file structure09.cif (mmCIF, C-alpha atoms and all ligand atoms)
data_my_file
#
loop_
_atom_site.group_PDB
_atom_site.id
_atom_site.type_symbol
_atom_site.label_atom_id
_atom_site.label_comp_id
_atom_site.auth_asym_id
_atom_site.auth_seq_id
_atom_site.Cartn_x
_atom_site.Cartn_y
_atom_site.Cartn_z
ATOM 1 C CA MET A 1 11.408 -7.044 42.013
ATOM 2 C CA ARG A 2 15.125 -7.641 42.628
ATOM 3 C CA ASN A 3 15.214 -11.256 41.468
ATOM 4 C CA VAL A 4 14.417 -10.882 37.794
ATOM 5 C CA THR A 5 14.871 -14.153 35.905
ATOM 6 C CA VAL A 6 14.450 -15.546 32.402
ATOM 7 C CA ASP A 7 11.212 -17.126 33.577
ATOM 8 C CA ASN A 8 9.591 -14.175 35.362
ATOM 9 C CA ILE A 9 10.721 -11.079 33.401
ATOM 10 C CA THR A 10 7.503 -10.919 31.362
ATOM 11 C CA GLU A 11 5.325 -10.927 34.489
ATOM 12 C CA VAL A 12 7.649 -8.415 36.161
ATOM 13 C CA PHE A 13 7.284 -6.131 33.143
ATOM 14 C CA SER A 14 3.493 -6.196 33.502
ATOM 15 C CA ALA A 15 3.700 -5.673 37.278
ATOM 16 C CA TYR A 16 5.620 -2.402 36.746
ATOM 17 C CA PHE A 17 2.635 -0.611 35.152
ATOM 18 C CA GLY A 18 1.433 2.327 37.230
ATOM 19 C CA ASP A 19 -2.229 2.729 38.266
ATOM 20 C CA GLU A 20 -2.605 5.642 35.867
ATOM 21 C CA ALA A 21 -1.663 3.544 32.787
ATOM 22 C CA ASP A 22 -4.340 3.618 30.142
ATOM 23 C CA PRO A 23 -5.901 0.084 29.934
ATOM 24 C CA ARG A 24 -5.395 -0.258 26.163
ATOM 25 C CA SER A 25 -1.766 0.905 26.404
ATOM 26 C CA LYS A 26 -1.269 -1.664 29.158
ATOM 27 C CA GLU A 27 -2.803 -4.423 27.047
ATOM 28 C CA VAL A 28 -0.763 -3.551 23.931
ATOM 29 C CA LEU A 29 2.571 -3.035 25.744
ATOM 30 C CA SER A 30 2.202 -6.186 27.898
ATOM 31 C CA SER A 31 1.506 -8.271 24.845
ATOM 32 C CA LEU A 32 4.352 -6.655 22.885
ATOM 33 C CA ALA A 33 6.783 -7.384 25.729
ATOM 34 C CA LYS A 34 5.460 -10.944 26.041
ATOM 35 C CA HIS A 35 6.118 -11.623 22.332
ATOM 36 C CA MET A 36 9.514 -9.843 22.317
ATOM 37 C CA HIS A 37 10.652 -11.805 25.357
ATOM 38 C CA ALA A 38 9.419 -15.060 23.824
ATOM 39 C CA PHE A 39 11.278 -14.204 20.592
ATOM 40 C CA VAL A 40 14.583 -13.699 22.456
ATOM 41 C CA LYS A 41 14.176 -17.026 24.242
ATOM 42 C CA ASP A 42 12.999 -18.804 21.114
ATOM 43 C CA VAL A 43 16.061 -17.921 19.010
ATOM 44 C CA ASN A 44 18.494 -17.539 21.922
ATOM 45 C CA LEU A 45 19.358 -14.055 20.649
ATOM 46 C CA THR A 46 23.079 -13.257 20.950
ATOM 47 C CA HIS A 47 24.499 -9.853 21.925
ATOM 48 C CA ASP A 48 25.833 -9.426 18.392
ATOM 49 C CA GLU A 49 22.415 -10.097 16.883
ATOM 50 C CA TRP A 50 20.731 -7.729 19.341
ATOM 51 C CA ARG A 51 23.263 -5.002 18.456
ATOM 52 C CA THR A 52 22.716 -5.632 14.728
ATOM 53 C CA GLY A 53 18.977 -5.110 15.235
ATOM 54 C CA LEU A 54 19.524 -1.866 17.126
ATOM 55 C CA LYS A 55 21.948 -0.604 14.459
ATOM 56 C CA ALA A 56 19.326 -1.389 11.789
ATOM 57 C CA LEU A 57 16.812 0.790 13.674
ATOM 58 C CA GLU A 58 19.406 3.546 14.052
ATOM 59 C CA TRP A 59 20.079 3.388 10.279
ATOM 60 C CA ALA A 60 16.332 3.505 9.586
ATOM 61 C CA GLY A 61 16.145 6.673 11.690
ATOM 62 C CA GLN A 62 18.974 8.274 9.735
ATOM 63 C CA LEU A 63 17.336 7.448 6.389
ATOM 64 C CA THR A 64 13.868 8.616 7.399
ATOM 65 C CA CYS A 65 12.780 11.998 6.061
ATOM 66 C CA PRO A 66 9.526 13.413 4.616
ATOM 67 C CA GLU A 67 10.190 11.661 1.265
ATOM 68 C CA ARG A 68 11.218 8.304 2.704
ATOM 69 C CA ASN A 69 10.046 6.517 5.828
ATOM 70 C CA GLU A 70 12.282 3.505 6.350
ATOM 71 C CA PHE A 71 10.287 2.398 9.414
ATOM 72 C CA VAL A 72 7.162 2.030 7.250
ATOM 73 C CA LEU A 73 9.217 0.031 4.756
ATOM 74 C CA LEU A 74 10.517 -2.229 7.546
ATOM 75 C CA SER A 75 6.919 -2.788 8.657
ATOM 76 C CA ASP A 76 5.959 -3.522 5.029
ATOM 77 C CA VAL A 77 8.656 -6.090 4.252
ATOM 78 C CA MET A 78 8.047 -7.859 7.591
ATOM 79 C CA GLY A 79 4.350 -8.259 6.717
ATOM 80 C CA LEU A 80 3.267 -6.083 9.660
ATOM 81 C CA SER A 81 1.511 -3.401 7.584
ATOM 82 C CA SER A 82 -0.493 -6.000 5.685
ATOM 83 C CA LEU A 83 -1.391 -7.904 8.842
ATOM 84 C CA VAL A 84 -2.714 -4.722 10.483
ATOM 85 C CA ASP A 85 -4.807 -4.182 7.333
ATOM 86 C CA MET A 86 -6.185 -7.701 7.415
ATOM 87 C CA VAL A 87 -7.057 -7.876 11.112
ATOM 88 C CA ASN A 88 -8.989 -4.605 10.736
ATOM 89 C CA SER A 89 -10.776 -5.571 7.513
ATOM 90 C CA LYS A 90 -14.566 -5.864 7.301
ATOM 91 C CA PRO A 91 -16.241 -8.730 5.452
ATOM 92 C CA GLY A 92 -18.278 -7.980 2.338
ATOM 93 C CA VAL A 93 -16.380 -4.850 1.252
ATOM 94 C CA THR A 94 -13.224 -4.225 -0.805
ATOM 95 C CA SER A 95 -10.037 -5.318 0.978
ATOM 96 C CA SER A 96 -7.647 -2.612 2.030
ATOM 97 C CA SER A 97 -3.965 -2.791 1.135
ATOM 98 C CA VAL A 98 -0.771 -0.910 1.975
ATOM 99 C CA LEU A 99 -0.588 2.856 1.454
ATOM 100 C CA GLY A 100 3.134 2.788 0.699
ATOM 101 C CA PRO A 101 5.422 5.786 1.073
ATOM 102 C CA PHE A 102 4.809 7.465 -2.293
ATOM 103 C CA HIS A 103 1.338 8.978 -1.975
ATOM 104 C CA VAL A 104 1.272 12.755 -2.503
ATOM 105 C CA SER A 105 -1.681 14.504 -0.794
ATOM 106 C CA ASN A 106 -3.821 17.197 -2.414
ATOM 107 C CA ALA A 107 -3.478 15.962 -5.992
ATOM 108 C CA PRO A 108 -5.206 18.156 -8.582
ATOM 109 C CA PRO A 109 -8.791 17.241 -9.566
ATOM 110 C CA LEU A 110 -9.103 14.795 -12.463
ATOM 111 C CA GLU A 111 -12.412 15.024 -14.330
ATOM 112 C CA ILE A 112 -14.355 11.838 -15.118
ATOM 113 C CA GLY A 113 -12.906 10.587 -18.417
ATOM 114 C CA GLY A 114 -9.636 12.459 -17.731
ATOM 115 C CA ASP A 115 -6.175 11.284 -18.708
ATOM 116 C CA MET A 116 -3.284 10.719 -16.251
ATOM 117 C CA ARG A 117 -0.519 10.184 -18.813
ATOM 118 C CA ALA A 118 0.678 13.791 -19.109
ATOM 119 C CA ASP A 119 3.358 13.624 -21.777
ATOM 120 C CA PHE A 120 4.299 9.962 -21.278
ATOM 121 C CA GLY A 121 3.666 7.627 -24.215
ATOM 122 C CA GLY A 122 2.784 3.931 -23.832
ATOM 123 C CA GLU A 123 -0.113 1.482 -23.886
ATOM 124 C CA VAL A 124 -3.384 3.311 -23.158
ATOM 125 C CA VAL A 125 -5.462 1.742 -20.396
ATOM 126 C CA LEU A 126 -9.037 2.767 -19.732
ATOM 127 C CA VAL A 127 -9.899 2.214 -16.061
ATOM 128 C CA GLU A 128 -13.466 2.516 -14.864
ATOM 129 C CA GLY A 129 -15.892 1.299 -12.251
ATOM 130 C CA ILE A 130 -18.456 2.203 -9.657
ATOM 131 C CA VAL A 131 -18.031 3.052 -5.993
ATOM 132 C CA ARG A 132 -20.712 1.142 -4.076
ATOM 133 C CA ASP A 133 -21.862 0.537 -0.529
ATOM 134 C CA ALA A 134 -21.814 -2.920 1.067
ATOM 135 C CA GLN A 135 -25.274 -3.635 -0.393
ATOM 136 C CA GLY A 136 -24.051 -2.754 -3.903
ATOM 137 C CA GLU A 137 -25.815 0.639 -4.138
ATOM 138 C CA PRO A 138 -23.741 3.285 -6.003
ATOM 139 C CA ILE A 139 -22.245 6.149 -3.975
ATOM 140 C CA PRO A 140 -22.347 9.476 -5.868
ATOM 141 C CA GLY A 141 -19.864 12.161 -4.847
ATOM 142 C CA ALA A 142 -17.239 9.724 -3.516
ATOM 143 C CA VAL A 143 -13.690 11.061 -3.844
ATOM 144 C CA VAL A 144 -11.246 8.669 -5.513
ATOM 145 C CA ASP A 145 -7.569 9.525 -5.029
ATOM 146 C CA ILE A 146 -5.506 7.695 -7.675
ATOM 147 C CA TRP A 147 -1.731 7.310 -8.025
ATOM 148 C CA GLN A 148 0.707 5.001 -9.767
ATOM 149 C CA THR A 149 4.232 4.676 -11.133
ATOM 150 C CA ALA A 150 5.332 6.216 -14.405
ATOM 151 C CA PRO A 151 6.415 3.685 -17.065
ATOM 152 C CA ASN A 152 9.985 3.904 -15.674
ATOM 153 C CA GLY A 153 8.779 2.244 -12.450
ATOM 154 C CA LEU A 154 9.208 5.418 -10.365
ATOM 155 C CA TYR A 155 6.658 7.480 -8.449
ATOM 156 C CA SER A 156 6.822 11.237 -8.891
ATOM 157 C CA SER A 157 8.342 11.688 -5.409
ATOM 158 C CA GLN A 158 11.244 9.393 -6.396
ATOM 159 C CA ASP A 159 11.888 10.900 -9.789
ATOM 160 C CA PRO A 160 13.262 14.440 -10.271
ATOM 161 C CA LYS A 161 12.149 14.263 -13.939
ATOM 162 C CA GLN A 162 8.444 14.098 -12.978
ATOM 163 C CA ASP A 163 6.222 16.893 -11.684
ATOM 164 C CA THR A 164 4.976 16.523 -8.101
ATOM 165 C CA TYR A 165 1.529 15.359 -9.224
ATOM 166 C CA SER A 166 2.595 13.273 -12.210
ATOM 167 C CA PHE A 167 0.369 10.146 -12.252
ATOM 168 C CA HIS A 168 -1.746 11.463 -9.368
ATOM 169 C CA GLY A 169 -5.373 12.605 -9.600
ATOM 170 C CA LEU A 170 -8.467 13.229 -7.448
ATOM 171 C CA MET A 171 -11.741 12.176 -9.090
ATOM 172 C CA THR A 172 -15.298 12.615 -7.769
ATOM 173 C CA THR A 173 -17.844 9.942 -8.746
ATOM 174 C CA ASP A 174 -20.904 11.024 -10.761
ATOM 175 C CA LYS A 175 -24.607 10.447 -9.963
ATOM 176 C CA GLN A 176 -24.211 6.759 -10.857
ATOM 177 C CA GLY A 177 -21.193 6.420 -8.535
ATOM 178 C CA ARG A 178 -18.940 6.045 -11.596
ATOM 179 C CA TYR A 179 -15.260 6.945 -11.938
ATOM 180 C CA ALA A 180 -13.343 6.597 -15.230
ATOM 181 C CA PHE A 181 -9.940 7.665 -16.510
ATOM 182 C CA THR A 182 -7.209 6.743 -18.945
ATOM 183 C CA THR A 183 -3.610 6.080 -18.041
ATOM 184 C CA ILE A 184 -0.603 3.974 -18.968
ATOM 185 C CA ARG A 185 -0.345 0.482 -17.596
ATOM 186 C CA PRO A 186 1.724 0.679 -14.376
ATOM 187 C CA VAL A 187 4.785 -1.590 -14.198
ATOM 188 C CA SER A 188 6.218 -3.963 -11.590
ATOM 189 C CA TYR A 189 8.885 -2.161 -9.558
ATOM 190 C CA VAL A 190 11.367 -2.592 -6.733
ATOM 191 C CA VAL A 191 10.873 -1.059 -3.284
ATOM 192 C CA PRO A 192 13.918 0.920 -2.027
ATOM 193 C CA ASP A 193 16.427 -1.756 -0.963
ATOM 194 C CA ASP A 194 19.491 0.345 -0.091
ATOM 195 C CA GLY A 195 18.661 0.525 3.638
ATOM 196 C CA PRO A 196 17.889 -1.887 6.507
ATOM 197 C CA ALA A 197 14.681 -3.147 4.836
ATOM 198 C CA GLY A 198 16.823 -4.153 1.847
ATOM 199 C CA GLU A 199 19.282 -5.887 4.207
ATOM 200 C CA ILE A 200 16.395 -7.926 5.638
ATOM 201 C CA LEU A 201 15.343 -8.912 2.108
ATOM 202 C CA LYS A 202 18.916 -9.952 1.266
ATOM 203 C CA ALA A 203 19.329 -11.887 4.520
ATOM 204 C CA ALA A 204 16.089 -13.724 3.759
ATOM 205 C CA GLY A 205 17.072 -14.416 0.137
ATOM 206 C CA ARG A 206 14.060 -12.372 -1.015
ATOM 207 C CA HIS A 207 13.685 -9.989 -3.939
ATOM 208 C CA PRO A 208 12.373 -6.396 -3.605
ATOM 209 C CA TRP A 209 9.739 -6.576 -6.392
ATOM 210 C CA ARG A 210 6.101 -5.517 -6.195
ATOM 211 C CA PRO A 211 3.586 -6.585 -8.841
ATOM 212 C CA SER A 212 2.128 -3.824 -11.042
ATOM 213 C CA HIS A 213 -0.704 -1.969 -9.314
ATOM 214 C CA LEU A 214 -2.836 1.154 -9.235
ATOM 215 C CA HIS A 215 -3.246 2.838 -5.833
ATOM 216 C CA PHE A 216 -6.566 4.223 -4.622
ATOM 217 C CA ILE A 217 -7.915 5.984 -1.536
ATOM 218 C CA VAL A 218 -11.714 6.095 -1.746
ATOM 219 C CA GLU A 219 -13.651 8.355 0.632
ATOM 220 C CA ALA A 220 -17.304 9.300 1.003
ATOM 221 C CA PRO A 221 -19.249 10.859 3.900
ATOM 222 C CA GLY A 222 -20.783 8.154 6.111
ATOM 223 C CA TYR A 223 -18.295 5.477 4.932
ATOM 224 C CA GLN A 224 -14.953 4.218 6.165
ATOM 225 C CA SER A 225 -12.052 5.495 4.111
ATOM 226 C CA LEU A 226 -10.600 2.720 1.931
ATOM 227 C CA THR A 227 -6.873 2.661 1.096
ATOM 228 C CA THR A 228 -6.174 -0.057 -1.413
ATOM 229 C CA GLU A 229 -4.395 -1.201 -4.556
ATOM 230 C CA VAL A 230 -5.603 -3.038 -7.637
ATOM 231 C CA PHE A 231 -3.248 -5.598 -9.213
ATOM 232 C CA ALA A 232 -2.820 -6.996 -12.721
ATOM 233 C CA ALA A 233 -3.780 -10.690 -12.910
ATOM 234 C CA ASP A 234 -0.937 -11.575 -15.310
ATOM 235 C CA ASP A 235 1.912 -9.956 -13.354
ATOM 236 C CA PRO A 236 4.848 -12.353 -12.677
ATOM 237 C CA TYR A 237 5.188 -11.051 -9.095
ATOM 238 C CA LEU A 238 1.526 -11.392 -8.161
ATOM 239 C CA ASP A 239 2.218 -14.379 -5.879
ATOM 240 C CA GLN A 240 5.389 -12.962 -4.355
ATOM 241 C CA ASP A 241 4.696 -9.303 -3.558
ATOM 242 C CA THR A 242 7.563 -8.283 -1.279
ATOM 243 C CA VAL A 243 5.155 -6.298 0.979
ATOM 244 C CA PHE A 244 2.340 -8.930 1.046
ATOM 245 C CA GLY A 245 -0.308 -6.530 -0.328
ATOM 246 C CA VAL A 246 -2.163 -8.799 -2.773
ATOM 247 C CA ARG A 247 -5.674 -10.045 -1.906
ATOM 248 C CA GLU A 248 -7.841 -12.183 -4.167
ATOM 249 C CA ASP A 249 -10.524 -9.482 -4.593
ATOM 250 C CA LEU A 250 -7.929 -6.871 -5.641
ATOM 251 C CA VAL A 251 -6.775 -8.773 -8.743
ATOM 252 C CA MET A 252 -8.192 -7.596 -12.067
ATOM 253 C CA HIS A 253 -7.649 -8.210 -15.772
ATOM 254 C CA TYR A 254 -6.373 -5.841 -18.436
ATOM 255 C CA VAL A 255 -8.663 -6.818 -21.327
ATOM 256 C CA THR A 256 -7.376 -5.876 -24.787
ATOM 257 C CA GLN A 257 -9.963 -3.968 -26.846
ATOM 258 C CA ALA A 258 -10.039 -3.947 -30.636
ATOM 259 C CA ALA A 259 -8.829 -0.938 -32.613
ATOM 260 C CA GLY A 260 -11.583 1.549 -33.404
ATOM 261 C CA THR A 261 -13.663 0.786 -30.293
ATOM 262 C CA PHE A 262 -12.437 3.568 -27.988
ATOM 263 C CA PRO A 263 -15.588 5.068 -26.420
ATOM 264 C CA GLU A 264 -16.919 8.614 -26.242
ATOM 265 C CA GLY A 265 -16.766 10.669 -23.067
ATOM 266 C CA PHE A 266 -12.995 10.590 -22.505
ATOM 267 C CA VAL A 267 -10.346 13.264 -23.011
ATOM 268 C CA LEU A 268 -8.691 10.775 -25.385
ATOM 269 C CA SER A 269 -11.918 10.057 -27.360
ATOM 270 C CA GLY A 270 -11.144 10.362 -31.075
ATOM 271 C CA LYS A 271 -7.393 10.181 -30.392
ATOM 272 C CA VAL A 272 -6.942 6.428 -29.802
ATOM 273 C CA ASP A 273 -7.118 4.526 -33.102
ATOM 274 C CA GLY A 274 -5.297 1.322 -32.171
ATOM 275 C CA GLU A 275 -5.829 -1.368 -29.547
ATOM 276 C CA TYR A 276 -6.069 -0.340 -25.901
ATOM 277 C CA SER A 277 -6.726 -2.164 -22.618
ATOM 278 C CA ARG A 278 -9.685 -1.895 -20.369
ATOM 279 C CA VAL A 279 -9.918 -2.513 -16.633
ATOM 280 C CA ASP A 280 -13.226 -2.636 -14.766
ATOM 281 C CA PHE A 281 -13.052 -2.432 -11.009
ATOM 282 C CA ASP A 282 -15.824 -1.585 -8.547
ATOM 283 C CA PHE A 283 -15.083 -0.565 -4.949
ATOM 284 C CA LYS A 284 -17.322 -1.469 -2.013
ATOM 285 C CA LEU A 285 -17.127 0.759 1.075
ATOM 286 C CA ALA A 286 -18.139 -0.155 4.631
ATOM 287 C CA ALA A 287 -20.556 2.194 6.376
ATOM 288 C CA ILE A 288 -19.249 3.923 9.507
HETATM 289 C C1 LIG B 301 3.900 1.173 -2.868
HETATM 290 O O1 LIG B 301 3.062 0.432 -3.324
HETATM 291 O O2 LIG B 301 3.983 2.302 -3.338
HETATM 292 C C2 LIG B 301 4.816 0.682 -1.791
HETATM 293 C C3 LIG B 301 4.299 -0.034 -0.749
HETATM 294 C C4 LIG B 301 5.143 -0.492 0.242
HETATM 295 C C5 LIG B 301 6.504 -0.229 0.171
HETATM 296 C C6 LIG B 301 7.010 0.477 -0.893
HETATM 297 C C7 LIG B 301 6.166 0.933 -1.892
HETATM 298 FE FE FE B 302 2.945 1.295 -5.275
#
call {"tool": "encode", "arguments": {"input": "structure09.cif", "output": "structure tokens"}}
result
Amino acid sequence: MRNVTVDNITEVFSAYFGDEADPRSKEVLSSLAKHMHAFVKDVNLTHDEWRTGLKALEWAGQLTCPERNEFVLLSDVMGLSSLVDMVNSKPGVTSSSVLGPFHVSNAPPLEIGGDMRADFGGEVVLVEGIVRDAQGEPIPGAVVDIWQTAPNGLYSSQDPKQDTYSFHGLMTTDKQGRYAFTTIRPVSYVVPDDGPAGEILKAAGRHPWRPSHLHFIVEAPGYQSLTTEVFAADDPYLDQDTVFGVREDLVMHYVTQAAGTFPEGFVLSGKVDGEYSRVDFDFKLAAI
């Protein structure tokens, strides 16, 4: 086509696909082009704005390394990561939520009743629950990968003062499908805002805060892997998570327990005299 116009460029784009193009690639790329073209027309994008966008991508490329993926962060702050989660979610099971860039694979095993605090002090939280199937039946032998921030708001991969697997653990559910551990209450924290994702937040007059959460990946043979986060109901940022990760079913309560009630069966049993908090959260997995 030699007469490409504002009105026909989207159709021309689709007409250029070769016969060997994979049908799904064709569908995805045609739709992407359709929405990008519509966006340019909608806002009457100027050359300067187009160049600013390209420079932001170039900067994201320069910042991206194994410890930091700025493209994932761009996707997160634009709501893309969460939307992909939601359009792929199944009804009747626990909602998925963003993985984030700070997960460290191959964490060491954490026994049931284990403690994630290492040598950090702070409010003790007892977290426990059952991994279930969609019908509510417990799943024994499910692997629960857990990670969170230290009390300074940093993940181990961001903080040279922490060991690689600080606040990371891999727990296997028992015959009743139960997992249980103690930790310190995670804190609200800011996502890295010194790159193009931060510039988007500033341009939009948005803050970079995420509400306090625990991260989980729950896996069991015969079930879809679940990547999710569990949020504290009283967190001030719960309704304004900068990466749009909060879902109603992922909000739980830290319930204060009286001194002298800390149960048996934990590494900390007999060592916690004062008040502590308790969080109960069950996961429901979708069958494959
Ligand atoms: C996180 O929860 O670790 C996270 C998610 C998205 C962007 C940055 C951090
Ligand atoms: Fe996080």
call {"tool": "atom_distance", "arguments": {"input": "structure09.cif", "atom1": "atom O1 of ligand LIG 301 (chain B)", "atom2": "CA of Val98 in chain A"}}
result
6.7 Å
call {"tool": "residues_around", "arguments": {"input": "structure09.cif", "residues": "range 223-228 of chain A", "least_positions_apart": "2", "cutoff": "6 Å", "atoms": "all atoms listed in the file", "output": "compact mmCIF listing (two decimals) with C-alpha atoms, keeping the file's coordinate frame"}}
result
# COMPACT_ATOMS: atom_id res chain seq x y z
CA SER A 96 -7.65 -2.61 2.03
CA SER A 97 -3.96 -2.79 1.14
CA PHE A 216 -6.57 4.22 -4.62
CA ILE A 217 -7.92 5.98 -1.54
CA VAL A 218 -11.71 6.10 -1.75
CA GLU A 219 -13.65 8.36 0.63
CA ALA A 220 -17.30 9.30 1.00
CA PRO A 221 -19.25 10.86 3.90
CA ALA A 286 -18.14 -0.16 4.63
CA ALA A 287 -20.56 2.19 6.38
CA ILE A 288 -19.25 3.92 9.51
call {"tool": "atom_distance", "arguments": {"input": "structure09.cif", "atom1": "CA of Ile130 in chain A", "atom2": "CA of Leu110 in chain A"}}
result
15.9 Å
call {"tool": "residues_near_ligand", "arguments": {"input": "structure09.cif", "ligand": "ligand FE 302 (chain B)", "cutoff": "12 Å", "atoms": "only C-alpha atoms and all ligand atoms", "output": "NGL selection string"}}
result
:A and (73 or 76 or 97-104 or 146-150 or 153-158 or 167-168 or 186-192 or 209-216 or 227-231 or 241-243 or 245-246)
call {"tool": "resolve_selection", "arguments": {"input": "structure09.cif", "expression": "the PyMOL selection byres (((chain A and resi 170) around 8) and not hetatm)", "output": "ChimeraX atom specification"}}
result
/A:106-110,143-146,168-169,171-172
call {"tool": "resolve_selection", "arguments": {"input": "structure09.cif", "expression": "the PyMOL selection byres (((chain A and resi 27-32) around 10) and not hetatm)", "output": "list in words"}}
result
Thr10, Glu11, Phe13, Ser14, Ala15, Phe17, Ala21, Asp22, Pro23, Arg24, Ser25, Lys26, Ala33, Lys34, His35, Met36, His37 and Ala38 of chain A
call {"tool": "resolve_selection", "arguments": {"input": "structure09.cif", "expression": "the PyMOL selection byres (((chain A and resi 45-60) around 9) and not hetatm)", "output": "list of chain:residue names"}}
result
A:Phe39, A:Val40, A:Lys41, A:Asp42, A:Val43, A:Asn44, A:Gly61, A:Gln62, A:Leu63, A:Thr64, A:Asn69, A:Glu70, A:Phe71, A:Leu74, A:Gly195, A:Pro196, A:Ala197, A:Glu199
call {"tool": "write_last_selection", "arguments": {"input": "structure09.cif", "atoms": "C-alpha atoms", "output": "mmCIF file, in the coordinates of the input"}}
result
data_model
loop_
_atom_site.group_PDB
_atom_site.id
_atom_site.type_symbol
_atom_site.label_atom_id
_atom_site.label_comp_id
_atom_site.auth_asym_id
_atom_site.auth_seq_id
_atom_site.Cartn_x
_atom_site.Cartn_y
_atom_site.Cartn_z
ATOM 1 C CA PHE A 39 11.278 -14.204 20.592
ATOM 2 C CA VAL A 40 14.583 -13.699 22.456
ATOM 3 C CA LYS A 41 14.176 -17.026 24.242
ATOM 4 C CA ASP A 42 12.999 -18.804 21.114
ATOM 5 C CA VAL A 43 16.061 -17.921 19.010
ATOM 6 C CA ASN A 44 18.494 -17.539 21.922
ATOM 7 C CA GLY A 61 16.145 6.673 11.690
ATOM 8 C CA GLN A 62 18.974 8.274 9.735
ATOM 9 C CA LEU A 63 17.336 7.448 6.389
ATOM 10 C CA THR A 64 13.868 8.616 7.399
ATOM 11 C CA ASN A 69 10.046 6.517 5.828
ATOM 12 C CA GLU A 70 12.282 3.505 6.350
ATOM 13 C CA PHE A 71 10.287 2.398 9.414
ATOM 14 C CA LEU A 74 10.517 -2.229 7.546
ATOM 15 C CA GLY A 195 18.661 0.525 3.638
ATOM 16 C CA PRO A 196 17.889 -1.887 6.507
ATOM 17 C CA ALA A 197 14.681 -3.147 4.836
ATOM 18 C CA GLU A 199 19.282 -5.887 4.207
#
call {"tool": "closest_residue", "arguments": {"input": "structure09.cif", "among": "A:Phe244, A:Asp119, A:Gly113, A:Val84", "to": "ligand LIG 301 (chain B)", "atoms": "all atoms listed in the file"}}
result
A:Phe244
call {"tool": "closest_residue", "arguments": {"input": "structure09.cif", "among": "A:Ser166, A:Asn88, A:Thr94, A:Ser82", "to": "ligand LIG 301 (chain B)", "atoms": "all atoms listed in the file"}}
result
A:Ser82
call {"tool": "closest_residue", "arguments": {"input": "structure09.cif", "among": "A:Asp249, A:Glu67, A:Asp282, A:Asp115", "to": "ligand LIG 301 (chain B)", "atoms": "all atoms listed in the file"}}
result
A:Glu67
call {"tool": "closest_residue", "arguments": {"input": "structure09.cif", "among": "A:Pro208, A:Gly265, A:Gly270, A:Gly129", "to": "ligand LIG 301 (chain B)", "atoms": "only C-alpha atoms and all ligand atoms"}}
result
A:Pro208
call {"tool": "residues_around", "arguments": {"input": "structure09.cif", "residues": "Phe120 in chain A", "least_positions_apart": "2", "cutoff": "9 Å", "atoms": "only C-alpha atoms", "output": "compact mmCIF listing (two decimals) with C-alpha atoms, in the frame of the given file"}}
result
# COMPACT_ATOMS: atom_id res chain seq x y z
CA ARG A 117 -0.52 10.18 -18.81
CA ALA A 118 0.68 13.79 -19.11
CA GLY A 122 2.78 3.93 -23.83
CA ALA A 150 5.33 6.22 -14.40
CA PRO A 151 6.42 3.68 -17.07
CA ILE A 184 -0.60 3.97 -18.97
call {"tool": "atom_distance", "arguments": {"input": "structure09.cif", "atom1": "CA of Gly274 in chain A", "atom2": "CA of Ala180 in chain A"}}
result
19.5 Å
call {"tool": "closest_residue", "arguments": {"input": "structure09.cif", "among": "A:Ser105, A:Ser75, A:Thr183, A:Asn152", "to": "ligand LIG 301 (chain B)", "atoms": "all atoms listed in the file"}}
result
A:Ser75
call {"tool": "closest_residue", "arguments": {"input": "structure09.cif", "among": "A:Ile139, A:Leu250, A:Ala233, A:Val127", "to": "Phe181 in chain A", "atoms": "all atoms listed in the file"}}
result
A:Val127
call {"tool": "residues_near_point", "arguments": {"input": "structure09.cif", "point": "(-27.1, 4.9, -9.5)", "cutoff": "8 Å", "atoms": "only C-alpha atoms", "output": "list in words"}}
result
Glu137, Pro138, Ile139, Pro140, Lys175, Gln176 and Gly177 of chain A
